[in-house]
$ cat final.tsv   # TSV, C-alpha atoms
chain	number	residue	atom	x	y	z
U	1263	MET	CA	8.58	21.14	3.96
U	1264	GLU	CA	8.54	19.68	0.44
U	1265	ARG	CA	5.39	21.64	-0.41
U	1266	LEU	CA	7.03	24.79	0.92
U	1267	ILE	CA	10.09	24.24	-1.27
U	1268	ASP	CA	7.93	23.95	-4.40
U	1269	ARG	CA	5.98	27.07	-3.44
U	1270	ALA	CA	9.17	29.03	-2.68
U	1271	ALA	CA	10.78	27.95	-5.95
U	1272	ASP	CA	7.74	29.09	-7.94
U	1273	GLU	CA	7.51	32.46	-6.19
U	1274	MET	CA	11.25	33.18	-6.53
U	1275	GLY	CA	11.47	31.93	-10.12
U	1276	ILE	CA	13.97	29.20	-9.27
U	1277	ASN	CA	13.77	25.72	-10.75
U	1278	ARG	CA	12.36	23.35	-8.13
U	1279	LEU	CA	15.14	20.81	-8.65
U	1280	THR	CA	17.81	23.48	-8.45
U	1281	LEU	CA	16.49	24.82	-5.14
U	1282	ARG	CA	16.65	21.32	-3.65
U	1283	LYS	CA	20.18	20.72	-4.91
U	1284	ARG	CA	21.36	23.95	-3.29
U	1285	ASN	CA	20.11	22.81	0.10
U	1286	PHE	CA	21.23	19.19	0.31
U	1287	ILE	CA	23.70	18.27	3.01
U	1288	LYS	CA	26.82	17.08	1.19
U	1289	SER	CA	28.27	13.60	1.74
U	1290	ALA	CA	31.57	15.21	2.74
U	1291	GLN	CA	29.77	16.93	5.64
U	1292	MET	CA	28.90	13.61	7.30
U	1293	PRO	CA	28.58	13.11	10.21
U	1294	PHE	CA	26.35	16.17	10.27
U	1295	ALA	CA	25.09	17.80	13.45
U	1296	ALA	CA	21.57	19.00	12.63
U	1297	SER	CA	19.90	21.97	14.30
U	1298	SER	CA	17.42	19.52	15.83
U	1299	GLY	CA	20.18	18.19	18.06
U	1300	VAL	CA	20.64	14.84	16.33
U	1301	THR	CA	23.68	13.86	14.28
U	1302	TYR	CA	23.24	12.16	10.91
U	1303	ASP	CA	25.93	9.49	10.69
U	1304	SER	CA	25.66	8.70	6.97
U	1305	GLY	CA	23.88	9.52	3.73
U	1306	ASP	CA	24.27	10.60	0.12
U	1307	PHE	CA	21.18	12.74	-0.44
U	1308	GLN	CA	22.35	14.16	-3.77
U	1309	GLY	CA	23.14	10.66	-5.07
U	1310	VAL	CA	19.69	9.40	-4.09
U	1311	PHE	CA	18.10	12.45	-5.75
U	1312	ASN	CA	20.02	11.98	-9.00
U	1313	LYS	CA	19.12	8.30	-9.21
U	1314	ALA	CA	15.43	9.04	-8.67
U	1315	LEU	CA	15.44	11.58	-11.49
U	1316	GLU	CA	17.14	9.10	-13.79
U	1317	ILE	CA	14.87	6.13	-13.07
U	1318	SER	CA	11.72	8.26	-13.33
U	1319	ASP	CA	12.79	9.73	-16.69
U	1320	HIS	CA	12.09	13.16	-15.26
U	1321	ALA	CA	13.87	14.87	-18.15
U	1322	ASN	CA	11.23	13.74	-20.65
U	1323	PHE	CA	8.19	14.77	-18.60
U	1324	ALA	CA	7.32	17.66	-20.93
U	1325	LYS	CA	6.72	15.22	-23.81
U	1326	ARG	CA	4.37	13.14	-21.66
U	1327	LYS	CA	2.52	16.25	-20.48
U	1328	LYS	CA	1.98	17.32	-24.09
U	1329	GLU	CA	0.57	13.90	-24.96
U	1330	SER	CA	-1.82	14.05	-21.99
U	1331	ARG	CA	-3.04	17.49	-23.04
U	1332	LYS	CA	-3.99	16.11	-26.45
U	1333	ARG	CA	-6.32	13.73	-24.63
U	1334	GLY	CA	-7.86	16.51	-22.57
U	1335	LYS	CA	-6.01	15.50	-19.39
U	1336	LEU	CA	-3.85	17.49	-16.98
U	1337	ARG	CA	-0.47	15.98	-16.09
U	1338	GLY	CA	1.75	16.88	-13.16
U	1339	ILE	CA	5.03	15.72	-11.66
U	1340	ALA	CA	6.71	16.22	-8.30
U	1341	VAL	CA	9.91	15.21	-6.57
U	1342	GLY	CA	10.02	14.74	-2.82
U	1343	SER	CA	12.96	13.97	-0.56
U	1344	TYR	CA	12.49	12.64	2.96
U	1345	LEU	CA	14.68	11.77	5.94
U	1346	GLU	CA	13.51	9.79	8.95
U	1347	VAL	CA	14.79	9.05	12.42
U	1348	THR	CA	14.15	5.35	13.04
U	1349	ALA	CA	15.03	2.80	15.72
U	1350	PRO	CA	14.32	4.79	18.89
U	1351	PRO	CA	17.27	4.12	21.23
U	1352	GLY	CA	16.80	1.22	23.63
U	1353	VAL	CA	18.35	-2.03	24.79
U	1354	GLU	CA	17.46	-5.33	23.11
U	1355	LEU	CA	17.69	-9.02	23.90
U	1356	GLY	CA	19.81	-11.48	21.96
U	1357	LYS	CA	19.32	-14.94	23.46
U	1358	ILE	CA	20.55	-18.00	21.54
U	1359	VAL	CA	20.02	-21.57	22.71
U	1360	PHE	CA	21.35	-24.77	21.07
U	1361	GLU	CA	18.68	-27.43	21.61
U	1362	ASP	CA	18.96	-31.22	21.94
U	1363	ASP	CA	17.04	-31.75	18.69
U	1364	GLY	CA	19.65	-29.84	16.69
U	1365	SER	CA	17.65	-26.63	16.39
U	1366	VAL	CA	18.91	-23.19	17.38
U	1367	ARG	CA	16.42	-21.08	19.31
U	1368	LEU	CA	16.67	-17.35	18.70
U	1369	ILE	CA	14.89	-15.24	21.31
U	1370	THR	CA	14.60	-11.49	21.03
U	1371	GLY	CA	12.39	-8.73	22.42
U	1372	THR	CA	10.98	-7.43	19.15
U	1373	LEU	CA	7.71	-8.84	17.84
U	1374	ASP	CA	6.81	-9.93	14.32
U	1375	TYR	CA	3.20	-9.06	13.45
U	1376	GLY	CA	3.53	-9.39	9.69
U	1377	GLN	CA	6.94	-7.93	8.85
U	1378	GLY	CA	8.58	-11.35	8.39
U	1379	HIS	CA	11.24	-11.09	11.12
U	1380	ALA	CA	12.01	-14.81	11.16
U	1381	THR	CA	13.72	-14.76	7.78
U	1382	PRO	CA	16.13	-11.79	8.11
U	1383	PHE	CA	16.92	-12.64	11.73
U	1384	ALA	CA	17.85	-16.16	10.66
U	1385	GLN	CA	19.89	-14.72	7.80
U	1386	VAL	CA	21.89	-12.59	10.24
U	1387	LEU	CA	22.42	-15.49	12.66
U	1388	CYS	CA	23.50	-17.86	9.89
U	1389	ALA	CA	25.91	-15.28	8.47
U	1390	GLN	CA	27.50	-14.84	11.91
U	1391	LEU	CA	27.67	-18.47	13.06
U	1392	GLY	CA	27.29	-20.62	9.96
U	1393	VAL	CA	24.46	-22.65	11.49
U	1394	PRO	CA	21.99	-24.27	9.06
U	1395	PHE	CA	19.23	-21.84	8.08
U	1396	GLU	CA	16.51	-24.42	8.57
U	1397	SER	CA	17.67	-25.06	12.15
U	1398	VAL	CA	16.86	-21.53	13.36
U	1399	LYS	CA	13.60	-21.09	15.28
U	1400	LEU	CA	12.45	-17.61	16.30
U	1401	GLU	CA	10.65	-17.28	19.64
U	1402	GLN	CA	8.99	-14.05	20.65
U	1403	GLY	CA	6.26	-12.54	22.78
U	1404	ASP	CA	6.70	-14.95	25.72
U	1405	SER	CA	7.46	-13.03	28.92
U	1406	ASP	CA	8.70	-16.23	30.59
U	1407	ILE	CA	11.73	-16.24	28.30
U	1408	VAL	CA	11.89	-12.65	27.01
U	1409	HIS	CA	13.10	-10.81	30.10
U	1410	THR	CA	14.24	-7.67	28.23
U	1411	GLY	CA	13.13	-5.93	25.08
U	1412	ASN	CA	11.56	-2.83	23.62
U	1413	GLY	CA	9.12	-4.37	21.19
U	1414	THR	CA	8.56	-3.45	17.57
U	1415	GLY	CA	7.99	0.13	16.47
U	1416	GLY	CA	9.72	2.97	14.72
U	1417	SER	CA	11.38	0.58	12.27
U	1418	ARG	CA	13.79	-0.63	14.95
U	1419	SER	CA	13.66	-4.40	14.60
U	1420	ILE	CA	16.46	-5.24	12.16
U	1421	THR	CA	18.71	-2.62	13.75
U	1422	ALA	CA	18.07	-3.51	17.41
U	1423	SER	CA	17.59	-7.26	17.16
U	1424	GLY	CA	20.24	-7.44	14.44
U	1425	MET	CA	22.76	-5.81	16.76
U	1426	ALA	CA	21.72	-8.14	19.59
U	1427	ILE	CA	22.20	-11.19	17.33
U	1428	VAL	CA	25.63	-10.00	16.17
U	1429	GLU	CA	26.84	-9.30	19.72
U	1430	ALA	CA	25.44	-12.59	21.06
U	1431	SER	CA	27.10	-14.46	18.18
U	1432	ARG	CA	30.47	-12.96	19.09
U	1433	LEU	CA	30.05	-14.21	22.65
U	1434	ILE	CA	29.19	-17.68	21.33
U	1435	ILE	CA	32.36	-17.69	19.21
U	1436	GLU	CA	34.43	-16.74	22.27
U	1437	LYS	CA	32.90	-19.60	24.26
U	1438	GLY	CA	33.33	-21.94	21.32
U	1439	LYS	CA	37.02	-21.21	20.98
U	1440	ARG	CA	37.60	-22.13	24.63
U	1441	ALA	CA	35.59	-25.32	24.29
U	1442	ALA	CA	37.13	-26.30	20.95
U	1443	ALA	CA	40.63	-25.75	22.32
U	1444	HIS	CA	39.89	-28.19	25.14
U	1445	LEU	CA	38.32	-30.86	22.91
U	1446	MET	CA	41.04	-30.69	20.26
U	1447	GLU	CA	43.84	-30.29	22.85
U	1448	ALA	CA	45.14	-27.01	21.47
U	1449	ALA	CA	45.84	-23.52	22.76
U	1450	GLU	CA	42.83	-21.23	22.72
U	1451	GLY	CA	44.88	-18.62	20.85
U	1452	ASP	CA	45.39	-21.09	18.00
U	1453	ILE	CA	41.66	-21.59	17.39
U	1454	GLU	CA	40.13	-19.78	14.43
U	1455	PHE	CA	36.46	-19.58	13.50
U	1456	GLY	CA	34.91	-19.30	10.05
U	1457	ASN	CA	32.11	-20.82	7.97
U	1458	GLY	CA	30.61	-22.48	11.02
U	1459	ARG	CA	33.81	-24.35	12.06
U	1460	PHE	CA	36.42	-23.97	14.76
U	1461	THR	CA	39.84	-24.84	13.32
U	1462	ILE	CA	43.36	-25.16	14.73
U	1463	ALA	CA	45.30	-22.57	12.77
U	1464	GLY	CA	47.61	-24.06	10.16
U	1465	THR	CA	46.03	-27.52	10.35
U	1466	ASP	CA	43.07	-29.37	8.90
U	1467	ARG	CA	41.75	-30.25	12.35
U	1468	SER	CA	38.38	-28.64	13.03
U	1469	ILE	CA	34.97	-29.11	14.58
U	1470	GLY	CA	31.65	-27.71	13.39
U	1471	ILE	CA	29.67	-25.42	15.67
U	1472	MET	CA	26.63	-27.73	15.75
U	1473	GLU	CA	28.79	-30.75	16.60
U	1474	LEU	CA	30.60	-28.73	19.28
U	1475	ALA	CA	27.28	-27.67	20.82
U	1476	ARG	CA	26.14	-31.31	20.90
U	1477	ARG	CA	29.33	-32.57	22.57
U	1478	LEU	CA	29.16	-29.87	25.21
U	1479	ARG	CA	25.58	-30.80	26.03
U	1480	GLU	CA	26.36	-34.52	26.28
U	1481	GLY	CA	29.69	-34.38	28.11
U	1482	LYS	CA	30.89	-33.07	31.46
U	1483	MET	CA	33.42	-30.28	30.97
U	1484	PRO	CA	36.18	-29.36	33.47
U	1485	ASP	CA	36.29	-26.00	35.21
U	1486	GLY	CA	37.04	-23.14	32.84
U	1487	VAL	CA	35.45	-24.87	29.85
U	1488	PRO	CA	31.92	-23.78	28.87
U	1489	SER	CA	29.26	-26.43	29.39
U	1490	SER	CA	27.21	-25.06	26.47
U	1491	LEU	CA	27.34	-22.44	23.74
U	1492	ASP	CA	24.10	-20.83	24.90
U	1493	VAL	CA	24.15	-17.07	25.40
U	1494	ASP	CA	21.70	-14.71	27.09
U	1495	HIS	CA	22.82	-11.23	26.08
U	1496	THR	CA	21.31	-7.76	26.36
U	1497	THR	CA	22.75	-4.89	24.33
U	1498	GLU	CA	23.48	-1.40	25.44
U	1499	ALA	CA	21.15	1.24	23.96
U	1500	VAL	CA	21.19	0.85	20.18
U	1501	PRO	CA	21.62	4.20	18.36
U	1502	SER	CA	18.99	5.51	15.95
U	1503	THR	CA	19.37	5.35	12.18
U	1504	PHE	CA	18.52	7.83	9.42
U	1505	PRO	CA	16.95	6.23	6.34
U	1506	ASN	CA	16.24	8.63	3.52
U	1507	GLY	CA	15.07	8.70	-0.05
U	1508	CYS	CA	13.65	10.58	-2.97
U	1509	HIS	CA	10.29	9.76	-4.56
U	1510	VAL	CA	8.91	10.98	-7.88
U	1511	ALA	CA	5.17	10.91	-8.59
U	1512	GLU	CA	3.47	11.60	-11.91
U	1513	VAL	CA	-0.30	12.02	-12.08
U	1514	GLU	CA	-2.96	12.59	-14.68
U	1515	ILE	CA	-6.19	14.42	-13.87
U	1516	ASP	CA	-9.52	14.48	-15.67
U	1517	PRO	CA	-10.62	18.14	-15.29
U	1518	GLU	CA	-14.25	17.22	-15.94
U	1519	THR	CA	-14.46	14.85	-12.95
U	1520	GLY	CA	-11.46	15.71	-10.73
U	1521	ILE	CA	-10.33	12.08	-10.76
U	1522	VAL	CA	-6.59	11.70	-10.11
U	1523	GLN	CA	-4.73	8.75	-11.60
U	1524	ILE	CA	-1.15	7.94	-10.60
U	1525	VAL	CA	0.49	7.05	-13.88
U	1526	ARG	CA	4.14	6.72	-12.78
U	1527	TYR	CA	5.72	6.28	-9.37
U	1528	THR	CA	9.41	5.98	-8.51
U	1529	GLY	CA	11.03	5.56	-5.11
U	1530	VAL	CA	14.79	5.52	-4.54
U	1531	ASN	CA	15.81	4.88	-0.95
U	1532	ASP	CA	18.87	4.61	1.26
U	1533	PHE	CA	18.12	1.87	3.78
U	1534	GLY	CA	21.77	1.13	4.44
U	1535	ILE	CA	22.65	-2.56	4.13
U	1536	ILE	CA	19.56	-4.49	3.03
U	1537	VAL	CA	19.32	-7.95	4.61
U	1538	ASN	CA	16.30	-9.18	2.64
U	1539	PRO	CA	15.44	-7.18	-0.51
U	1540	LEU	CA	12.06	-8.87	-1.04
U	1541	LEU	CA	10.75	-7.92	2.41
U	1542	VAL	CA	12.06	-4.37	2.04
U	1543	ALA	CA	10.34	-3.96	-1.33
U	1544	GLY	CA	7.09	-5.26	0.17
U	1545	GLN	CA	7.24	-2.77	3.02
U	1546	MET	CA	7.99	0.02	0.53
U	1547	HIS	CA	4.96	-0.92	-1.59
U	1548	GLY	CA	2.72	-1.06	1.48
U	1549	GLY	CA	3.98	2.29	2.74
U	1550	VAL	CA	3.32	3.99	-0.58
U	1551	ALA	CA	-0.17	2.44	-0.65
U	1552	GLN	CA	-0.82	3.94	2.78
U	1553	GLY	CA	0.41	7.31	1.55
U	1554	ILE	CA	-1.86	7.12	-1.49
U	1555	GLY	CA	-4.82	6.52	0.79
U	1556	GLN	CA	-4.00	9.45	3.03
U	1557	ALA	CA	-3.14	11.85	0.22
U	1558	LEU	CA	-6.02	11.11	-2.15
U	1559	MET	CA	-8.99	9.49	-0.41
U	1560	GLU	CA	-8.99	8.67	3.30
U	1561	CYS	CA	-10.96	11.12	5.45
U	1562	VAL	CA	-12.87	10.79	8.72
U	1563	SER	CA	-16.04	12.88	8.30
U	1564	TYR	CA	-18.83	13.99	10.65
U	1565	ASP	CA	-22.28	15.43	10.13
U	1566	GLU	CA	-23.46	18.72	11.64
U	1567	SER	CA	-24.44	17.04	14.91
U	1568	GLY	CA	-20.99	15.47	15.34
U	1569	GLN	CA	-21.97	11.95	14.31
U	1570	PRO	CA	-19.31	10.13	12.27
U	1571	ILE	CA	-20.52	9.37	8.77
U	1572	THR	CA	-17.48	7.27	7.88
U	1573	GLY	CA	-17.95	4.67	10.59
U	1574	SER	CA	-17.48	1.60	8.43
U	1575	PHE	CA	-15.53	0.56	5.36
U	1576	MET	CA	-18.73	0.94	3.35
U	1577	ASP	CA	-18.36	4.69	3.92
U	1578	TYR	CA	-14.61	5.18	4.47
U	1579	ALA	CA	-12.43	5.15	1.35
U	1580	LEU	CA	-9.41	2.85	1.53
U	1581	PRO	CA	-7.05	2.39	-1.43
U	1582	ARG	CA	-7.70	-0.79	-3.40
U	1583	ALA	CA	-5.56	-2.69	-5.88
U	1584	GLU	CA	-6.73	-0.56	-8.80
U	1585	ASP	CA	-5.59	2.60	-6.99
U	1586	ILE	CA	-2.00	1.40	-6.57
U	1587	PRO	CA	0.32	1.96	-9.54
U	1588	SER	CA	3.24	-0.16	-10.62
U	1589	MET	CA	6.29	1.24	-8.87
U	1590	GLU	CA	9.90	1.57	-9.90
U	1591	ILE	CA	11.94	0.96	-6.76
U	1592	GLY	CA	15.63	1.80	-6.63
U	1593	ASP	CA	18.26	1.43	-3.92
U	1594	HIS	CA	21.17	3.71	-3.12
U	1595	PRO	CA	22.54	2.17	0.08
U	1596	VAL	CA	24.98	4.02	2.31
U	1597	PRO	CA	25.73	1.77	5.32
U	1598	ALA	CA	24.81	3.18	8.72
U	1599	LYS	CA	27.81	3.63	11.00
U	1600	SER	CA	25.76	3.34	14.19
U	1601	ASN	CA	25.21	-0.44	14.17
U	1602	PRO	CA	27.32	-3.45	13.12
U	1603	LEU	CA	25.03	-4.50	10.27
U	1604	GLY	CA	24.92	-1.03	8.72
U	1605	THR	CA	21.11	-1.23	8.45
U	1606	LYS	CA	18.53	1.56	8.51
U	1607	GLY	CA	14.79	1.19	9.13
U	1608	CYS	CA	12.41	0.95	6.17
U	1609	GLY	CA	8.90	0.45	7.56
U	1610	GLU	CA	7.50	3.98	7.25
U	1611	ALA	CA	9.58	5.09	4.26
U	1612	GLY	CA	6.92	4.55	1.59
U	1613	CYS	CA	4.43	6.71	3.45
U	1614	ALA	CA	7.02	9.36	4.34
U	1615	GLY	CA	8.05	9.73	0.72
U	1616	SER	CA	4.64	9.59	-0.92
U	1617	LEU	CA	2.49	12.14	0.94
U	1618	SER	CA	4.07	15.41	-0.15
U	1619	THR	CA	5.16	13.98	-3.50
U	1620	LEU	CA	1.63	13.01	-4.51
U	1621	VAL	CA	0.08	16.28	-3.35
U	1622	ASN	CA	2.73	18.34	-5.12
U	1623	ALA	CA	2.22	16.32	-8.31
U	1624	VAL	CA	-1.51	17.10	-8.26
U	1625	LEU	CA	-0.85	20.79	-7.61
U	1626	ASP	CA	1.68	20.83	-10.44
U	1627	ALA	CA	-1.00	19.49	-12.78
U	1628	LEU	CA	-3.43	22.15	-11.53
U	1629	SER	CA	-0.95	25.01	-11.77
U	1630	ASP	CA	-2.39	26.02	-15.18
U	1631	TYR	CA	-5.46	27.18	-13.24
U	1632	GLY	CA	-3.39	29.06	-10.67
U	1633	ILE	CA	-4.26	26.53	-7.95
U	1634	ALA	CA	-1.46	26.39	-5.34
U	1635	HIS	CA	-3.06	24.65	-2.37
U	1636	ILE	CA	-5.64	21.98	-1.56
U	1637	ASP	CA	-5.88	20.25	1.81
U	1638	MET	CA	-5.55	16.47	1.92
U	1639	PRO	CA	-7.25	14.29	0.96
U	1640	LEU	CA	-7.32	15.39	-2.67
U	1641	THR	CA	-10.55	13.60	-3.48
U	1642	PRO	CA	-12.14	13.96	-6.93
U	1643	GLU	CA	-14.76	16.27	-5.46
U	1644	ARG	CA	-12.17	18.60	-3.90
U	1645	VAL	CA	-10.08	18.68	-7.06
U	1646	TRP	CA	-13.18	19.28	-9.21
U	1647	ARG	CA	-14.35	22.11	-6.93
U	1648	ALA	CA	-10.89	23.71	-6.99
U	1649	ILE	CA	-10.91	23.69	-10.80
U	1650	LYS	CA	-14.47	25.03	-10.92
U	1651	ASP	CA	-13.68	27.85	-8.45
U	1652	ALA	CA	-10.49	28.76	-10.31
U	1653	LYS	CA	-12.37	29.00	-13.60
U	1654	LYS	CA	-15.04	31.18	-12.00
U	1655	ALA	CA	-12.41	33.48	-10.49
U	1656	ALA	CA	-10.67	33.78	-13.86

$ encode --input "final.tsv" --output "structure tokens"
Amino acid sequence: MERLIDRAADEMGINRLTLRKRNFIKSAQMPFAASSGVTYDSGDFQGVFNKALEISDHANFAKRKKESRKRGKLRGIAVGSYLEVTAPPGVELGKIVFEDDGSVRLITGTLDYGQGHATPFAQVLCAQLGVPFESVKLEQGDSDIVHTGNGTGGSRSITASGMAIVEASRLIIEKGKRAAAHLMEAAEGDIEFGNGRFTIAGTDRSIGIMELARRLREGKMPDGVPSSLDVDHTTEAVPSTFPNGCHVAEVEIDPETGIVQIVRYTGVNDFGIIVNPLLVAGQMHGGVAQGIGQALMECVSYDESGQPITGSFMDYALPRAEDIPSMEIGDHPVPAKSNPLGTKGCGEAGCAGSLSTLVNAVLDALSDYGIAHIDMPLTPERVWRAIKDAKKAA
């Protein structure tokens, strides 16, 4: 779609940025019922777009292009907006157990295989209950204790497990108020909770949640009083989210070799409320790296007899450190209204934003030769051949 917009703008004589601005859904139109049948609950696409242009210094591109030309290089720029549907709807487990050793076991049905779930999940739990961060232990992948869950995929984990943790925490607070009222000999309606403590309203009498959990475990409670704060909760289906962003890629091409170098890369994204900025930035960088590989070098190839000739990493081109540029990452968060944390998935965003942006940037650099299309991957050989064929045709 982004490549089509650039092509349409060129053929109709409309500025590429102007054509995009005309077609953005306005913030005032949210929630927006799309023709696909889904409803976007939140977003500021124009705001994301404007911020990306600002951070990337898009306005001064012509000066940089002129400088590249002096060195015999071609320079191109492209802007690409994306919108994803993440967190496929499904129920999720939020199970919280206060252990004898003072730890708090958090059990959920998503699975961490490198994303770093333990940290943001603990952040959410600590923000809800005020338990010590170091006391939280994440358990996952054990079917003896994980009776419900939809796994990890589609950037659903912080949204689904986050919602499960929030809802389970609310149930713990309800149980805690009943138990605290009994232990402090007060009316349940007079018990308030905040900063990890249950307090009798208007007094300085309180009990911490960890101390309350310990006393419930060690004592025998009368009927109507919880014997523990443990909760085993399963959510209803958690709605999808709609992360979006705008990426700007700037490339320089050596016309003698077809080698493409990414000289500037900017990504501005709306991931809603960000729980852990460092993890989100890491996933963004990794996603863009994946997009660079797909757009510029990765290709499964076969010989004439159908035998794969890219069967190992000696023959298959993966992006390496030297292929990945420094990136300017910006945030323009608009909280999702479909989940209590206001989060939106971020796992695939770097790849979603980079593919069309990189290809369009290369084609922009090659536009002097009248080249309007090259299939991915845009390897040096393909770019070189396109230049050679364009020169011959001219």

$ residues_near_point --input "final.tsv" --point "(37.6, -33.1, 20.4)" --cutoff "10 Å" --atoms "only C-alpha atoms" --output "PyMOL selection string"
chain U and resi 1441-1448+1467-1469+1473-1474+1477

$ atom_distance --input "final.tsv" --atom1 "atom CA of Pro1602 of chain U" --atom2 "atom CA of Gly1411 of chain U"
18.7 Å

$ closest_atom_pairs --input "final.tsv" --of "segment 1347-1372 of chain U" --to "segment 1499-1521 of chain U" --cutoff "8 Å" --atoms "all atoms listed in the file" --output "Markdown table"
| residue | atom | partner | partner_atom | distance |
| --- | --- | --- | --- | --- |
| U:Val1347 | CA | U:Phe1504 | CA | 4.9 |
| U:Thr1348 | CA | U:Thr1503 | CA | 5.3 |
| U:Ala1349 | CA | U:Ser1502 | CA | 4.8 |
| U:Pro1350 | CA | U:Ser1502 | CA | 5.6 |
| U:Pro1351 | CA | U:Val1500 | CA | 5.2 |
| U:Gly1352 | CA | U:Ala1499 | CA | 4.4 |
| U:Val1353 | CA | U:Ala1499 | CA | 4.4 |
| U:Glu1354 | CA | U:Ala1499 | CA | 7.6 |

$ residues_around --input "final.tsv" --residues "segment 1283-1288 of chain U" --least-positions-apart "2" --cutoff "9 Å" --atoms "all atoms listed in the file" --output "PyMOL selection string"
chain U and resi 1278-1281+1290-1292+1294+1305-1308+1311

$ closest_residue --input "final.tsv" --among "U:Asn1622, U:Asn1531, U:Ser1563, U:Gln1523" --to "Leu1336 of chain U" --atoms "only C-alpha atoms"
U:Gln1523

$ closest_residue --input "final.tsv" --among "U:Ile1420, U:Pro1488, U:Ser1405, U:Glu1480" --to "Gly1438 of chain U" --atoms "only C-alpha atoms"
U:Pro1488

$ closest_residue --input "final.tsv" --among "U:Met1638, U:Leu1478, U:Leu1580, U:Ala1314" --to "Asp1362 of chain U" --atoms "all atoms listed in the file"
U:Leu1478

$ residues_near_point --input "final.tsv" --point "(-1.4, 3.1, -9.8)" --cutoff "8 Å" --atoms "all atoms listed in the file" --output "PDB file with C-alpha atoms, in the frame of the given file"
ATOM      1  CA  GLN U1523      -4.730   8.750 -11.600  1.00  0.00           C
ATOM      2  CA  ILE U1524      -1.150   7.940 -10.600  1.00  0.00           C
ATOM      3  CA  VAL U1525       0.490   7.050 -13.880  1.00  0.00           C
ATOM      4  CA  ARG U1526       4.140   6.720 -12.780  1.00  0.00           C
ATOM      5  CA  TYR U1527       5.720   6.280  -9.370  1.00  0.00           C
ATOM      6  CA  GLU U1584      -6.730  -0.560  -8.800  1.00  0.00           C
ATOM      7  CA  ASP U1585      -5.590   2.600  -6.990  1.00  0.00           C
ATOM      8  CA  ILE U1586      -2.000   1.400  -6.570  1.00  0.00           C
ATOM      9  CA  PRO U1587       0.320   1.960  -9.540  1.00  0.00           C
ATOM     10  CA  SER U1588       3.240  -0.160 -10.620  1.00  0.00           C
ATOM     11  CA  MET U1589       6.290   1.240  -8.870  1.00  0.00           C
TER      12      MET U1589
END

$ atom_distance --input "final.tsv" --atom1 "atom CA of Ser1600 of chain U" --atom2 "atom CA of Gly1529 of chain U"
24.4 Å

$ atom_distance --input "final.tsv" --atom1 "atom CA of Ile1427 of chain U" --atom2 "atom CA of Leu1400 of chain U"
11.7 Å

$ residues_around --input "final.tsv" --residues "Ala1623 of chain U" --least-positions-apart "6" --cutoff "6 Å" --atoms "all atoms listed in the file" --output "list of chain:residue names"
U:Gly1338, U:Ile1339, U:Ala1340

$ closest_residue --input "final.tsv" --among "U:Val1493, U:Leu1345, U:Leu1540, U:Val1487" --to "Gly1378 of chain U" --atoms "all atoms listed in the file"
U:Leu1540

$ closest_residue --input "final.tsv" --among "U:Ile1554, U:Ile1407, U:Thr1528, U:Ile1435" --to "His1320 of chain U" --atoms "all atoms listed in the file"
U:Thr1528

$ residues_around --input "final.tsv" --residues "Pro1394 of chain U" --least-positions-apart "4" --cutoff "12 Å" --atoms "only C-alpha atoms" --output "tab-separated table (two decimals) with C-alpha atoms, in the coordinates of the input"
chain	number	residue	atom	x	y	z
U	1364	GLY	CA	19.65	-29.84	16.69
U	1365	SER	CA	17.65	-26.63	16.39
U	1366	VAL	CA	18.91	-23.19	17.38
U	1384	ALA	CA	17.85	-16.16	10.66
U	1385	GLN	CA	19.89	-14.72	7.80
U	1386	VAL	CA	21.89	-12.59	10.24
U	1387	LEU	CA	22.42	-15.49	12.66
U	1388	CYS	CA	23.50	-17.86	9.89
U	1389	ALA	CA	25.91	-15.28	8.47
U	1390	GLN	CA	27.50	-14.84	11.91
U	1398	VAL	CA	16.86	-21.53	13.36
U	1399	LYS	CA	13.60	-21.09	15.28
U	1457	ASN	CA	32.11	-20.82	7.97
U	1458	GLY	CA	30.61	-22.48	11.02
U	1470	GLY	CA	31.65	-27.71	13.39
U	1471	ILE	CA	29.67	-25.42	15.67
U	1472	MET	CA	26.63	-27.73	15.75

$ closest_residue --input "final.tsv" --among "U:Ser1304, U:Asn1277, U:Thr1605, U:Ser1616" --to "Leu1558 of chain U" --atoms "only C-alpha atoms"
U:Ser1616

$ axis_aligned_box --input "final.tsv" --around "segment 1265-1275 of chain U" --padding-each-side "5 Å" --output "lines of an AutoDock Vina configuration file"
center_x = 8.4
center_y = 27.4
center_z = -4.6
size_x = 16.1
size_y = 21.5
size_z = 21.0

$ residues_around --input "final.tsv" --residues "Glu1560 of chain U" --least-positions-apart "2" --cutoff "6 Å" --atoms "all atoms listed in the file" --output "short mmCIF file (atom, residue, chain, number, x, y, z; two decimals) with C-alpha atoms, in the frame of the given file"
data_model
loop_
_atom_site.label_atom_id
_atom_site.label_comp_id
_atom_site.auth_asym_id
_atom_site.auth_seq_id
_atom_site.Cartn_x
_atom_site.Cartn_y
_atom_site.Cartn_z
CA GLY U 1555 -4.82 6.52 0.79
CA GLN U 1556 -4.00 9.45 3.03
CA ALA U 1579 -12.43 5.15 1.35
#
